[in-house]
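Data block for run_38.txt (compact mmCIF, C-alpha atoms and all ligand atoms):
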```
# COMPACT_ATOMS: atom_id res chain seq x y z
CA MET A 1 -37.92 65.82 2.59
CA GLN A 2 -39.87 68.48 0.69
CA ILE A 3 -43.36 67.66 -0.56
CA LEU A 4 -45.34 69.82 -2.96
CA VAL A 5 -49.10 69.45 -2.47
CA THR A 6 -51.17 71.07 -5.20
CA GLY A 7 -54.73 71.89 -4.19
CA GLY A 8 -53.52 71.92 -0.59
CA ALA A 9 -56.03 74.61 0.41
CA GLY A 10 -58.83 72.22 -0.59
CA PHE A 11 -60.44 69.39 1.33
CA ILE A 12 -58.25 66.36 0.57
CA GLY A 13 -55.08 68.32 -0.20
CA GLY A 14 -55.59 70.26 3.04
CA HIS A 15 -55.70 67.08 5.12
CA LEU A 16 -52.75 65.66 3.23
CA ALA A 17 -50.60 68.76 3.75
CA GLN A 18 -51.59 68.78 7.42
CA ARG A 19 -50.53 65.15 7.85
CA PHE A 20 -47.21 65.67 6.07
CA ALA A 21 -46.53 68.75 8.20
CA ALA A 22 -47.49 66.83 11.36
CA ASP A 23 -44.93 64.21 10.35
CA SER A 24 -42.25 66.95 10.27
CA HIS A 25 -41.89 67.12 6.50
CA ASP A 26 -41.34 70.39 4.65
CA VAL A 27 -44.60 71.11 2.87
CA VAL A 28 -45.22 73.56 0.07
CA VAL A 29 -48.84 74.07 -0.99
CA LEU A 30 -49.76 75.41 -4.42
CA ASP A 31 -53.39 76.47 -4.68
CA ASN A 32 -55.18 79.27 -6.54
CA ARG A 33 -57.97 79.41 -3.92
CA ASP A 34 -60.54 78.82 -6.61
CA PRO A 35 -63.92 80.26 -5.50
CA PHE A 36 -65.78 77.03 -6.38
CA TYR A 37 -66.93 77.08 -2.74
CA ASP A 38 -66.45 79.43 0.17
CA LEU A 39 -62.87 80.50 0.80
CA ASP A 40 -63.33 80.42 4.56
CA ILE A 41 -62.93 76.63 4.44
CA LYS A 42 -59.67 77.01 2.50
CA HIS A 43 -58.48 79.43 5.16
CA HIS A 44 -59.16 76.79 7.83
CA ASN A 45 -57.35 74.16 5.75
CA VAL A 46 -54.23 76.31 5.40
CA GLU A 47 -54.28 77.23 9.09
CA ALA A 48 -54.50 73.53 10.02
CA GLY A 49 -51.37 72.85 7.97
CA ARG A 50 -49.49 75.78 9.50
CA GLU A 51 -50.40 74.71 13.00
CA ALA A 52 -49.32 71.11 12.35
CA ALA A 53 -45.93 72.38 11.17
CA ARG A 54 -45.55 74.65 14.22
CA ASN A 55 -46.24 71.70 16.54
CA SER A 56 -43.97 69.22 14.78
CA GLY A 57 -41.00 71.32 13.79
CA GLY A 58 -41.73 70.71 10.09
CA SER A 59 -42.35 73.63 7.74
CA TYR A 60 -45.34 74.82 5.77
CA GLU A 61 -45.42 77.35 2.95
CA PHE A 62 -48.53 78.45 1.08
CA VAL A 63 -48.07 79.66 -2.50
CA GLU A 64 -51.11 81.21 -4.13
CA GLY A 65 -50.86 80.27 -7.79
CA ASP A 66 -52.25 78.22 -10.62
CA VAL A 67 -51.26 74.80 -11.94
CA ARG A 68 -51.84 76.25 -15.42
CA ASP A 69 -48.84 78.54 -14.84
CA ALA A 70 -46.06 76.30 -16.23
CA GLU A 71 -43.23 78.58 -15.09
CA LEU A 72 -44.42 78.70 -11.49
CA VAL A 73 -45.02 74.95 -11.49
CA THR A 74 -41.49 74.31 -12.76
CA ASP A 75 -39.99 76.56 -10.06
CA LEU A 76 -41.86 74.78 -7.27
CA VAL A 77 -41.24 71.26 -8.53
CA ALA A 78 -37.50 72.02 -8.78
CA ASP A 79 -37.25 72.07 -4.97
CA ALA A 80 -39.56 69.12 -4.29
CA ASP A 81 -38.79 65.45 -3.66
CA TYR A 82 -42.40 64.30 -3.99
CA VAL A 83 -45.42 65.88 -5.68
CA TYR A 84 -48.95 65.11 -4.51
CA HIS A 85 -51.29 66.58 -7.10
CA GLN A 86 -54.74 67.18 -5.63
CA ALA A 87 -55.63 70.44 -7.39
CA ALA A 88 -58.53 70.13 -9.77
CA GLN A 89 -61.67 71.74 -10.91
CA ALA A 90 -63.94 69.38 -8.98
CA GLY A 91 -67.65 68.68 -9.35
CA VAL A 92 -69.52 66.47 -11.80
CA ARG A 93 -72.61 68.66 -12.34
CA PRO A 94 -70.84 72.00 -13.00
CA SER A 95 -68.53 70.29 -15.50
CA VAL A 96 -71.53 69.85 -17.81
CA LYS A 97 -71.85 73.65 -18.01
CA ASN A 98 -68.17 74.45 -18.56
CA PRO A 99 -66.22 71.45 -19.90
CA ARG A 100 -63.35 73.49 -21.32
CA LYS A 101 -62.29 74.80 -17.92
CA TYR A 102 -62.13 71.21 -16.64
CA ASP A 103 -59.83 70.35 -19.52
CA GLU A 104 -57.57 73.37 -18.93
CA VAL A 105 -57.16 72.84 -15.19
CA ASN A 106 -57.38 69.07 -14.86
CA VAL A 107 -55.56 68.01 -18.01
CA ASP A 108 -53.24 70.88 -19.00
CA GLY A 109 -52.47 71.63 -15.34
CA THR A 110 -51.52 67.99 -14.77
CA LEU A 111 -49.31 68.02 -17.87
CA ASN A 112 -47.45 71.07 -16.55
CA LEU A 113 -46.69 69.14 -13.38
CA LEU A 114 -45.73 65.95 -15.19
CA ASP A 115 -43.33 67.80 -17.49
CA ALA A 116 -41.69 69.52 -14.52
CA CYS A 117 -41.49 66.25 -12.53
CA ARG A 118 -39.87 64.48 -15.48
CA ASP A 119 -37.37 67.29 -16.06
CA GLU A 120 -36.48 67.64 -12.37
CA GLY A 121 -36.26 63.89 -11.75
CA ILE A 122 -38.46 63.90 -8.65
CA GLU A 123 -38.96 60.76 -6.54
CA ARG A 124 -42.65 60.29 -7.25
CA PHE A 125 -45.77 61.99 -8.63
CA VAL A 126 -49.01 60.96 -6.93
CA MET A 127 -52.29 62.26 -8.32
CA ALA A 128 -55.91 62.29 -7.25
CA SER A 129 -58.11 60.49 -9.72
CA SER A 130 -61.75 59.56 -9.34
CA SER A 131 -64.36 56.82 -9.56
CA SER A 132 -65.91 59.09 -12.22
CA VAL A 133 -63.46 57.63 -14.76
CA TYR A 134 -65.55 54.42 -14.90
CA GLY A 135 -68.93 55.77 -16.00
CA LYS A 136 -71.86 53.37 -16.32
CA PRO A 137 -71.00 50.10 -14.59
CA GLN A 138 -70.81 46.96 -16.72
CA TYR A 139 -70.30 45.05 -13.49
CA LEU A 140 -69.76 45.92 -9.84
CA PRO A 141 -67.67 46.39 -7.87
CA TYR A 142 -65.44 48.19 -10.34
CA ASP A 143 -61.97 46.73 -10.47
CA GLU A 144 -59.23 48.62 -12.31
CA GLN A 145 -59.78 46.49 -15.45
CA HIS A 146 -63.36 47.74 -15.75
CA PRO A 147 -63.87 49.78 -18.98
CA THR A 148 -63.45 53.52 -18.50
CA THR A 149 -66.30 55.39 -20.21
CA PRO A 150 -66.88 58.57 -18.19
CA VAL A 151 -70.33 60.14 -18.44
CA SER A 152 -69.29 63.69 -17.49
CA PRO A 153 -66.65 66.15 -18.70
CA TYR A 154 -65.21 66.02 -15.16
CA GLY A 155 -64.75 62.23 -15.40
CA ALA A 156 -63.26 62.57 -18.88
CA SER A 157 -60.75 65.15 -17.65
CA LYS A 158 -59.67 62.98 -14.70
CA LEU A 159 -59.26 59.97 -16.99
CA ALA A 160 -57.13 61.95 -19.46
CA ALA A 161 -54.96 63.24 -16.63
CA GLU A 162 -54.33 59.82 -15.11
CA ARG A 163 -53.64 58.32 -18.54
CA TYR A 164 -50.95 60.95 -19.03
CA ALA A 165 -49.49 60.08 -15.63
CA CYS A 166 -49.36 56.38 -16.54
CA ALA A 167 -47.84 57.20 -19.94
CA TYR A 168 -45.13 59.36 -18.34
CA SER A 169 -44.23 56.42 -16.13
CA GLU A 170 -43.94 54.17 -19.17
CA VAL A 171 -42.18 56.54 -21.55
CA TYR A 172 -40.00 58.66 -19.24
CA ASP A 173 -39.56 56.26 -16.35
CA LEU A 174 -41.13 58.79 -14.00
CA SER A 175 -42.63 57.18 -10.91
CA THR A 176 -46.35 58.03 -11.02
CA VAL A 177 -49.39 56.69 -9.20
CA ALA A 178 -53.06 57.70 -9.57
CA LEU A 179 -55.40 57.00 -6.67
CA ARG A 180 -59.03 56.72 -7.73
CA TYR A 181 -61.02 58.22 -4.86
CA PHE A 182 -64.63 57.26 -4.19
CA THR A 183 -66.70 60.11 -2.63
CA VAL A 184 -64.46 61.21 0.21
CA TYR A 185 -65.98 62.82 3.30
CA GLY A 186 -64.93 64.13 6.69
CA PRO A 187 -64.10 67.34 8.57
CA ARG A 188 -63.82 70.47 6.38
CA MET A 189 -65.33 68.63 3.41
CA ARG A 190 -66.67 70.64 0.50
CA PRO A 191 -69.93 72.16 1.76
CA ASN A 192 -71.93 71.14 -1.31
CA MET A 193 -71.62 67.37 -0.73
CA ALA A 194 -74.53 65.10 0.26
CA ILE A 195 -73.25 64.24 3.75
CA SER A 196 -72.68 67.86 4.82
CA ASN A 197 -76.10 68.80 3.47
CA PHE A 198 -77.87 65.93 5.24
CA VAL A 199 -76.13 66.75 8.53
CA SER A 200 -76.86 70.46 8.28
CA ARG A 201 -80.52 70.01 7.40
CA CYS A 202 -81.11 67.47 10.18
CA HIS A 203 -79.52 69.83 12.71
CA ASN A 204 -81.92 72.52 11.61
CA GLY A 205 -85.00 70.33 11.84
CA GLU A 206 -85.31 70.05 8.04
CA PRO A 207 -85.69 66.73 6.19
CA PRO A 208 -82.66 65.57 4.17
CA VAL A 209 -83.25 66.01 0.41
CA ILE A 210 -82.42 63.03 -1.82
CA TYR A 211 -82.04 63.45 -5.59
CA GLY A 212 -83.68 60.46 -7.31
CA ASP A 213 -85.25 57.51 -5.50
CA GLY A 214 -82.31 57.10 -3.12
CA THR A 215 -81.31 53.67 -4.40
CA GLN A 216 -78.09 55.10 -5.87
CA THR A 217 -75.11 53.55 -4.12
CA ARG A 218 -71.78 55.04 -3.14
CA ASP A 219 -68.54 53.93 -1.48
CA PHE A 220 -68.29 56.89 0.89
CA THR A 221 -64.67 56.89 2.05
CA TYR A 222 -63.55 58.56 5.24
CA ILE A 223 -60.82 61.16 4.75
CA GLU A 224 -58.34 59.53 7.14
CA ASP A 225 -58.41 56.30 5.13
CA VAL A 226 -57.63 58.18 1.92
CA ILE A 227 -54.81 60.08 3.61
CA ASP A 228 -53.35 56.79 4.92
CA ALA A 229 -53.32 55.39 1.37
CA ASN A 230 -51.46 58.46 0.14
CA MET A 231 -48.94 58.24 2.98
CA THR A 232 -47.92 54.69 2.08
CA LEU A 233 -46.84 55.98 -1.34
CA LEU A 234 -43.93 57.82 0.27
CA HIS A 235 -42.16 54.51 0.72
CA GLU A 236 -44.07 51.80 -1.21
CA ASP A 237 -42.34 51.21 -4.57
CA ALA A 238 -44.59 48.52 -6.00
CA ALA A 239 -47.31 50.84 -7.31
CA ASP A 240 -45.44 52.60 -10.13
CA GLY A 241 -47.45 53.48 -13.23
CA GLN A 242 -50.69 52.22 -11.69
CA ALA A 243 -54.18 53.59 -11.19
CA ILE A 244 -55.55 52.22 -7.91
CA ASN A 245 -59.04 52.26 -6.38
CA THR A 246 -59.22 53.58 -2.84
CA GLY A 247 -62.88 53.10 -1.90
CA SER A 248 -64.44 52.05 1.37
CA THR A 249 -65.52 48.64 2.57
CA ASP A 250 -69.08 49.92 3.11
CA ASN A 251 -71.13 50.40 -0.05
CA ILE A 252 -74.37 52.14 0.87
CA GLU A 253 -77.60 53.42 -0.73
CA ILE A 254 -78.09 57.18 -0.46
CA LYS A 255 -81.42 56.74 1.30
CA THR A 256 -79.79 54.43 3.88
CA LEU A 257 -77.07 57.02 4.44
CA ALA A 258 -79.69 59.77 4.87
CA THR A 259 -81.60 57.56 7.29
CA GLU A 260 -78.44 56.81 9.29
CA ILE A 261 -77.65 60.55 9.61
CA ARG A 262 -81.27 61.43 10.36
CA ASP A 263 -81.42 58.76 13.08
CA GLN A 264 -78.19 59.99 14.69
CA ILE A 265 -79.35 63.64 14.77
CA ASN A 266 -83.13 63.99 14.55
CA PRO A 267 -85.08 60.69 14.18
CA ASP A 268 -88.48 62.42 13.83
CA LEU A 269 -87.68 63.83 10.38
CA ASP A 270 -88.96 62.39 7.08
CA LEU A 271 -86.84 62.06 3.93
CA VAL A 272 -87.68 64.24 0.90
CA TYR A 273 -87.12 63.16 -2.72
CA GLU A 274 -86.37 65.46 -5.69
CA GLU A 275 -85.46 64.90 -9.33
CA ARG A 276 -82.17 63.14 -10.05
CA HIS A 277 -79.41 64.88 -12.06
CA ASP A 278 -78.37 63.08 -15.29
CA ALA A 279 -74.62 63.51 -14.79
CA ASP A 280 -74.71 61.79 -11.39
CA ALA A 281 -73.52 58.19 -11.40
CA GLU A 282 -76.16 55.64 -10.44
CA HIS A 283 -73.75 53.35 -8.60
CA THR A 284 -70.12 53.48 -7.61
CA HIS A 285 -68.49 50.61 -5.78
CA ALA A 286 -64.78 49.87 -5.59
CA ALA A 287 -62.93 46.58 -5.61
CA THR A 288 -59.90 47.41 -3.50
CA ASP A 289 -57.84 44.23 -4.04
CA ARG A 290 -55.13 46.11 -5.92
CA ALA A 291 -54.84 48.71 -3.14
CA GLU A 292 -54.69 45.97 -0.54
CA GLU A 293 -52.00 44.13 -2.45
CA LEU A 294 -49.83 47.11 -3.39
CA LEU A 295 -50.41 49.52 -0.51
CA GLY A 296 -51.63 47.30 2.32
CA TYR A 297 -54.82 49.41 2.09
CA ASP A 298 -57.25 48.54 4.87
CA PRO A 299 -59.78 51.34 5.49
CA ASP A 300 -60.57 51.67 9.19
CA HIS A 301 -63.91 53.44 9.08
CA THR A 302 -67.35 51.97 8.50
CA ILE A 303 -69.88 54.54 7.27
CA ARG A 304 -71.44 54.65 10.74
CA GLU A 305 -68.08 55.39 12.39
CA GLY A 306 -67.08 57.96 9.79
CA VAL A 307 -70.44 59.73 9.91
CA SER A 308 -70.33 59.81 13.73
CA LYS A 309 -66.88 61.39 13.62
CA PHE A 310 -68.07 63.93 11.07
CA ILE A 311 -71.16 64.80 13.14
CA ASP A 312 -68.94 65.34 16.22
CA TRP A 313 -66.67 67.61 14.22
CA TYR A 314 -69.67 69.43 12.73
CA ARG A 315 -71.06 70.18 16.18
CA ASP A 316 -67.70 71.58 17.33
CA ASN A 317 -67.35 73.74 14.21
CA ARG A 318 -70.96 74.58 13.50
CA ASP A 319 -70.56 78.34 14.03
CA TRP A 320 -68.35 78.84 10.98
CA TYR A 321 -69.05 75.73 8.85
CA GLU A 322 -72.84 75.57 8.87
CA PRO A 323 -73.45 78.94 7.14
CA LEU A 324 -71.20 77.77 4.31
CA VAL A 325 -73.21 74.57 3.84
CA ARG A 326 -76.47 76.53 3.93
CA GLN A 327 -75.38 78.89 1.16
CA SER A 328 -73.85 76.20 -1.07
P1 LIG B 401 -61.40 70.75 -3.46
O1 LIG B 401 -62.14 71.57 -4.46
O2 LIG B 401 -61.71 70.92 -2.02
O3 LIG B 401 -59.83 70.95 -3.64
C1 LIG B 401 -59.23 71.25 -4.86
C2 LIG B 401 -58.31 72.44 -4.65
O4 LIG B 401 -57.68 72.71 -5.89
C3 LIG B 401 -59.04 73.72 -4.22
O5 LIG B 401 -58.49 74.25 -3.03
C4 LIG B 401 -58.83 74.67 -5.39
O6 LIG B 401 -58.68 76.04 -4.98
C5 LIG B 401 -57.58 74.11 -6.02
N1 LIG B 401 -57.51 74.45 -7.44
C6 LIG B 401 -58.51 74.41 -8.36
N2 LIG B 401 -58.07 74.83 -9.54
C7 LIG B 401 -56.76 75.13 -9.37
C8 LIG B 401 -55.76 75.64 -10.24
N3 LIG B 401 -56.03 75.93 -11.52
N4 LIG B 401 -54.50 75.84 -9.74
C9 LIG B 401 -54.22 75.58 -8.44
N5 LIG B 401 -55.15 75.12 -7.57
C10 LIG B 401 -56.40 74.89 -8.03
O7 LIG B 401 -61.63 69.24 -3.90
P2 LIG B 401 -61.30 67.90 -3.10
O8 LIG B 401 -62.60 67.26 -2.76
O9 LIG B 401 -60.32 68.15 -2.04
O10 LIG B 401 -60.63 67.05 -4.26
C11 LIG B 401 -59.22 66.90 -4.34
C12 LIG B 401 -58.89 66.02 -5.51
O11 LIG B 401 -59.52 64.76 -5.36
C13 LIG B 401 -59.34 66.56 -6.85
O12 LIG B 401 -58.35 66.25 -7.80
C14 LIG B 401 -60.62 65.81 -7.13
O13 LIG B 401 -60.84 65.69 -8.53
C15 LIG B 401 -60.30 64.46 -6.50
N6 LIG B 401 -61.46 63.70 -6.06
C16 LIG B 401 -62.19 64.12 -4.98
C17 LIG B 401 -63.26 63.34 -4.56
C18 LIG B 401 -64.08 63.72 -3.34
O14 LIG B 401 -64.99 62.98 -3.00
N7 LIG B 401 -63.81 64.82 -2.66
C19 LIG B 401 -63.61 62.16 -5.25
C20 LIG B 401 -62.85 61.79 -6.35
C21 LIG B 401 -61.77 62.55 -6.73
```

Could the structure of this file be written out as structure tokens, please?
Amino acid sequence: MQILVTGGAGFIGGHLAQRFAADSHDVVVLDNRDPFYDLDIKHHNVEAGREAARNSGGSYEFVEGDVRDAELVTDLVADADYVYHQAAQAGVRPSVKNPRKYDEVNVDGTLNLLDACRDEGIERFVMASSSSVYGKPQYLPYDEQHPTTPVSPYGASKLAAERYACAYSEVYDLSTVALRYFTVYGPRMRPNMAISNFVSRCHNGEPPVIYGDGTQTRDFTYIEDVIDANMTLLHEDAADGQAINTGSTDNIEIKTLATEIRDQINPDLDLVYEERHDADAEHTHAATDRAEELLGYDPDHTIREGVSKFIDWYRDNRDWYEPLVRQS
């Protein structure tokens, strides 16, 4: 079975491609190696996929290219059975500075893939969506019926993309699923995320910096749980045309998270507070009933377990990863 993973040099796509390769599938990665953060991490992601394929007897091909290139996208989709679309211009705060790029990559890029998937009659299109589609909560936890009123251009672009995916399922009978991720973390995560920053600063004897008063809440979701949810979509038919929350079971305040990390690494440190950014969501919290029902979703990792695993990985990979976090 051939699986096309867009954004497969990135954090989530990298883990996904690695898992598919480890399961002996034929994996093709399409990624433009966008310099949003240091390319060294993308190099490690691609190498992890190649190594998994070498060990399993599967195959792994990396294609450097852009989802905005409709011709290239059509060529690659023609050979694929499944498409897992993880490529995106990520990041809530930078989207405020350059909304048009988010539209071009996240919306037009997704449309290129959807058109090709429809025309080639692939088995299924699975895309990464985001808790950012919800915007200000009218109630929590968000279930999938919660109004979608994104408060950032990034959230708006992810919502438009997943709406297109749902519409293609309805109109063209293409099997599509959008998984709404909630702040995913783990090994090789983007270096500019809160958890990598807290861990790095604590290791260097510096207090973790919290933006706002730290009462913001998040469903930090461990990467392996998100990958498991994606894997079930290779064989689970029930989810067609749906957008599905894949959050964690552990909703946590940022200051509690920072305290947990500080206590695991360097309990003598204080916490430092700086001004909050307007585009950041105050609270995200997922109801995962739909994921449980349709995918048997049952995330394994509490925040304490996931953070411990990440800290272990960080210590083993500190020589190359830490400088990237420091400069981000
Ligand atoms: P990431 O930035 O690590 O990965 C995205 C990858 O897409 C990168 O390798 C980048 O080079 C590639 N890319 C960007 N523009 C491209 C283009 N025009 N053509 C081809 N490739 C391109 O981000 P991530 O954290 O792995 O996120 C993966 C997906 O999950 C994204 O769609 C993101 O919106 C979504 N998501 C992530 C989180 C999270 O917490 N990490 C939360 C919600 C949603």

### Query
So, counting all atoms listed in the file, which residue among A:Pro208, A:Gly155, A:Gly14, A:Pro191 is closest to Ser95 (chain A)?
A:Gly155

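Atom pair atom N4 of ligand LIG 401 (chain B) / CA of Asp31 (chain A): separated by 5.2 Å.
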
### Query
What is the distance, in Å and to one decimal place, between CA of Ile12 (chain A) and CA of Asp40 (chain A)?
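Computed distance, CA of Ile12 (chain A) to CA of Asp40 (chain A), equals 15.5 Å.
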
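For the pair CA of Ile227 (chain A) and CA of Gly13 (chain A), the interatomic distance is 9.1 Å.
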
Check which residues of chain A sit at most 7 Å from ligand LIG 401 (chain B) using only C-alpha atoms and all ligand atoms, and return one row each with the closest pair of atoms and their distance in Å to one decimal, ordered by chain and rising number, as a tab-separated table.
```
residue	atom	partner	partner_atom	distance
A:Thr6	CA	B:LIG401	N5	6.2
A:Gly7	CA	B:LIG401	O4	3.5
A:Gly8	CA	B:LIG401	O5	6.0
A:Ala9	CA	B:LIG401	O5	4.2
A:Gly10	CA	B:LIG401	O5	3.2
A:Phe11	CA	B:LIG401	O9	3.6
A:Ile12	CA	B:LIG401	O9	3.8
A:Gly13	CA	B:LIG401	O9	5.6
A:Leu30	CA	B:LIG401	C9	6.0
A:Asp31	CA	B:LIG401	N5	3.6
A:Asn32	CA	B:LIG401	C9	4.3
A:Arg33	CA	B:LIG401	O6	3.6
A:Asp34	CA	B:LIG401	O6	3.7
A:Pro35	CA	B:LIG401	O6	6.7
A:Phe36	CA	B:LIG401	O1	6.8
A:Lys42	CA	B:LIG401	O5	6.3
A:Gly65	CA	B:LIG401	C9	5.8
A:Asp66	CA	B:LIG401	N4	3.4
A:Val67	CA	B:LIG401	N4	4.1
A:Arg68	CA	B:LIG401	N3	5.7
A:Gln86	CA	B:LIG401	C12	4.3
A:Ala87	CA	B:LIG401	O4	3.4
A:Ala88	CA	B:LIG401	O12	4.4
A:Gln89	CA	B:LIG401	C6	4.9
A:Ala90	CA	B:LIG401	O13	4.8
A:Val105	CA	B:LIG401	N3	4.9
A:Gly109	CA	B:LIG401	N3	6.8
A:Ala128	CA	B:LIG401	O12	4.7
A:Ser129	CA	B:LIG401	C21	5.2
A:Ser130	CA	B:LIG401	C20	3.9
A:Ser131	CA	B:LIG401	C20	6.1
A:Lys158	CA	B:LIG401	O13	6.8
A:Arg180	CA	B:LIG401	C20	6.5
A:Tyr181	CA	B:LIG401	C20	4.3
A:Phe182	CA	B:LIG401	C19	5.1
A:Thr183	CA	B:LIG401	O14	3.4
A:Val184	CA	B:LIG401	O14	3.7
A:Tyr185	CA	B:LIG401	O14	6.4
A:Met189	CA	B:LIG401	O8	6.9
A:Arg190	CA	B:LIG401	O2	5.6
```

#### Entry: Nearby residues (only C-alpha atoms) at most 9 Å from Ile122 (chain A), same-chain spacing under 5 positions excluded, as JSON, numbers by chain
{"A": [77, 78, 80, 81, 82, 83, 116, 117, 174, 175]}

### Task
Name the closest residue to Leu159 (chain A) among the candidates A:Asp280, A:Glu253, A:Asp103, A:Asp300; distances are taken between atoms, counting only C-alpha atoms.
A:Asp103

### Query
Quick one: of A:Glu51, A:Asp240, A:Glu274, A:Asp225, who's nearest to Ser169 (chain A), counting all atoms listed in the file?
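For Ser169 (chain A), the nearest of the candidates is A:Asp240.
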
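Remark: for Gln145 (chain A), the closest of the candidate residues A:Gln264, A:Ser248, A:Thr288, A:Ser56 is A:Thr288 (distances computed over all atoms listed in the file).
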
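Nearest-residue note for Glu144 (chain A): choosing from A:Thr246, A:Gln327, A:Asn251, A:Thr259, the minimum distance belongs to A:Thr246, counting only C-alpha atoms.
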
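Closest approach to Thr148 (chain A) from the set A:Gly58, A:Pro267, A:Gly135, A:Pro187 is made by A:Gly135, with distances taken over all atoms listed in the file.
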
#### Entry: Residues near region 19-26 of chain A, cut-off 7 Å, all atoms listed in the file, skip fewer than 6 positions along chain, as an MDAnalysis selection string
chainID A and resid 1:3 49 52:53 56:60

### Task
Considering all atoms listed in the file, return as number ranges by chain whatever protein or nucleic-acid residues lie within 6 Å of Pro150 (chain A), sequence-local ones (same chain, fewer than 6 positions apart) excluded.
A: 133-135, 156

Provide region 217-228 of chain A rebuilt to N, CA, C and O atoms, formatted as a PDB file, in the frame of the given file.
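Now in part26.pdb:
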```
ATOM      1  N   THR A 217     -76.055  54.019  -5.149  1.00  0.00           N
ATOM      2  CA  THR A 217     -75.110  53.550  -4.120  1.00  0.00           C
ATOM      3  C   THR A 217     -73.763  54.238  -4.280  1.00  0.00           C
ATOM      4  O   THR A 217     -73.365  54.610  -5.383  1.00  0.00           O
ATOM      5  N   ARG A 218     -73.086  54.397  -3.158  1.00  0.00           N
ATOM      6  CA  ARG A 218     -71.780  55.040  -3.140  1.00  0.00           C
ATOM      7  C   ARG A 218     -70.870  54.308  -2.150  1.00  0.00           C
ATOM      8  O   ARG A 218     -71.334  53.771  -1.154  1.00  0.00           O
ATOM      9  N   ASP A 219     -69.552  54.377  -2.442  1.00  0.00           N
ATOM     10  CA  ASP A 219     -68.540  53.930  -1.480  1.00  0.00           C
ATOM     11  C   ASP A 219     -68.034  55.169  -0.742  1.00  0.00           C
ATOM     12  O   ASP A 219     -66.959  55.675  -1.045  1.00  0.00           O
ATOM     13  N   PHE A 220     -68.784  55.716   0.167  1.00  0.00           N
ATOM     14  CA  PHE A 220     -68.290  56.890   0.890  1.00  0.00           C
ATOM     15  C   PHE A 220     -67.039  56.506   1.669  1.00  0.00           C
ATOM     16  O   PHE A 220     -67.043  55.533   2.429  1.00  0.00           O
ATOM     17  N   THR A 221     -65.977  57.261   1.468  1.00  0.00           N
ATOM     18  CA  THR A 221     -64.670  56.890   2.050  1.00  0.00           C
ATOM     19  C   THR A 221     -64.235  57.979   3.013  1.00  0.00           C
ATOM     20  O   THR A 221     -64.194  59.167   2.639  1.00  0.00           O
ATOM     21  N   TYR A 222     -63.906  57.567   4.223  1.00  0.00           N
ATOM     22  CA  TYR A 222     -63.550  58.560   5.240  1.00  0.00           C
ATOM     23  C   TYR A 222     -62.165  59.144   4.943  1.00  0.00           C
ATOM     24  O   TYR A 222     -61.245  58.419   4.562  1.00  0.00           O
ATOM     25  N   ILE A 223     -62.040  60.442   5.138  1.00  0.00           N
ATOM     26  CA  ILE A 223     -60.820  61.160   4.750  1.00  0.00           C
ATOM     27  C   ILE A 223     -59.541  60.518   5.310  1.00  0.00           C
ATOM     28  O   ILE A 223     -58.536  60.408   4.607  1.00  0.00           O
ATOM     29  N   GLU A 224     -59.579  60.058   6.555  1.00  0.00           N
ATOM     30  CA  GLU A 224     -58.340  59.530   7.140  1.00  0.00           C
ATOM     31  C   GLU A 224     -57.865  58.282   6.395  1.00  0.00           C
ATOM     32  O   GLU A 224     -56.662  58.029   6.302  1.00  0.00           O
ATOM     33  N   ASP A 225     -58.803  57.507   5.866  1.00  0.00           N
ATOM     34  CA  ASP A 225     -58.410  56.300   5.130  1.00  0.00           C
ATOM     35  C   ASP A 225     -57.729  56.665   3.806  1.00  0.00           C
ATOM     36  O   ASP A 225     -56.756  56.021   3.386  1.00  0.00           O
ATOM     37  N   VAL A 226     -58.242  57.716   3.167  1.00  0.00           N
ATOM     38  CA  VAL A 226     -57.630  58.180   1.920  1.00  0.00           C
ATOM     39  C   VAL A 226     -56.225  58.765   2.186  1.00  0.00           C
ATOM     40  O   VAL A 226     -55.283  58.533   1.426  1.00  0.00           O
ATOM     41  N   ILE A 227     -56.112  59.497   3.272  1.00  0.00           N
ATOM     42  CA  ILE A 227     -54.810  60.080   3.610  1.00  0.00           C
ATOM     43  C   ILE A 227     -53.808  58.953   3.906  1.00  0.00           C
ATOM     44  O   ILE A 227     -52.655  58.983   3.444  1.00  0.00           O
ATOM     45  N   ASP A 228     -54.245  57.925   4.631  1.00  0.00           N
ATOM     46  CA  ASP A 228     -53.350  56.790   4.920  1.00  0.00           C
ATOM     47  C   ASP A 228     -52.844  56.155   3.629  1.00  0.00           C
ATOM     48  O   ASP A 228     -51.668  55.813   3.516  1.00  0.00           O
TER      49      ASP A 228
END
```
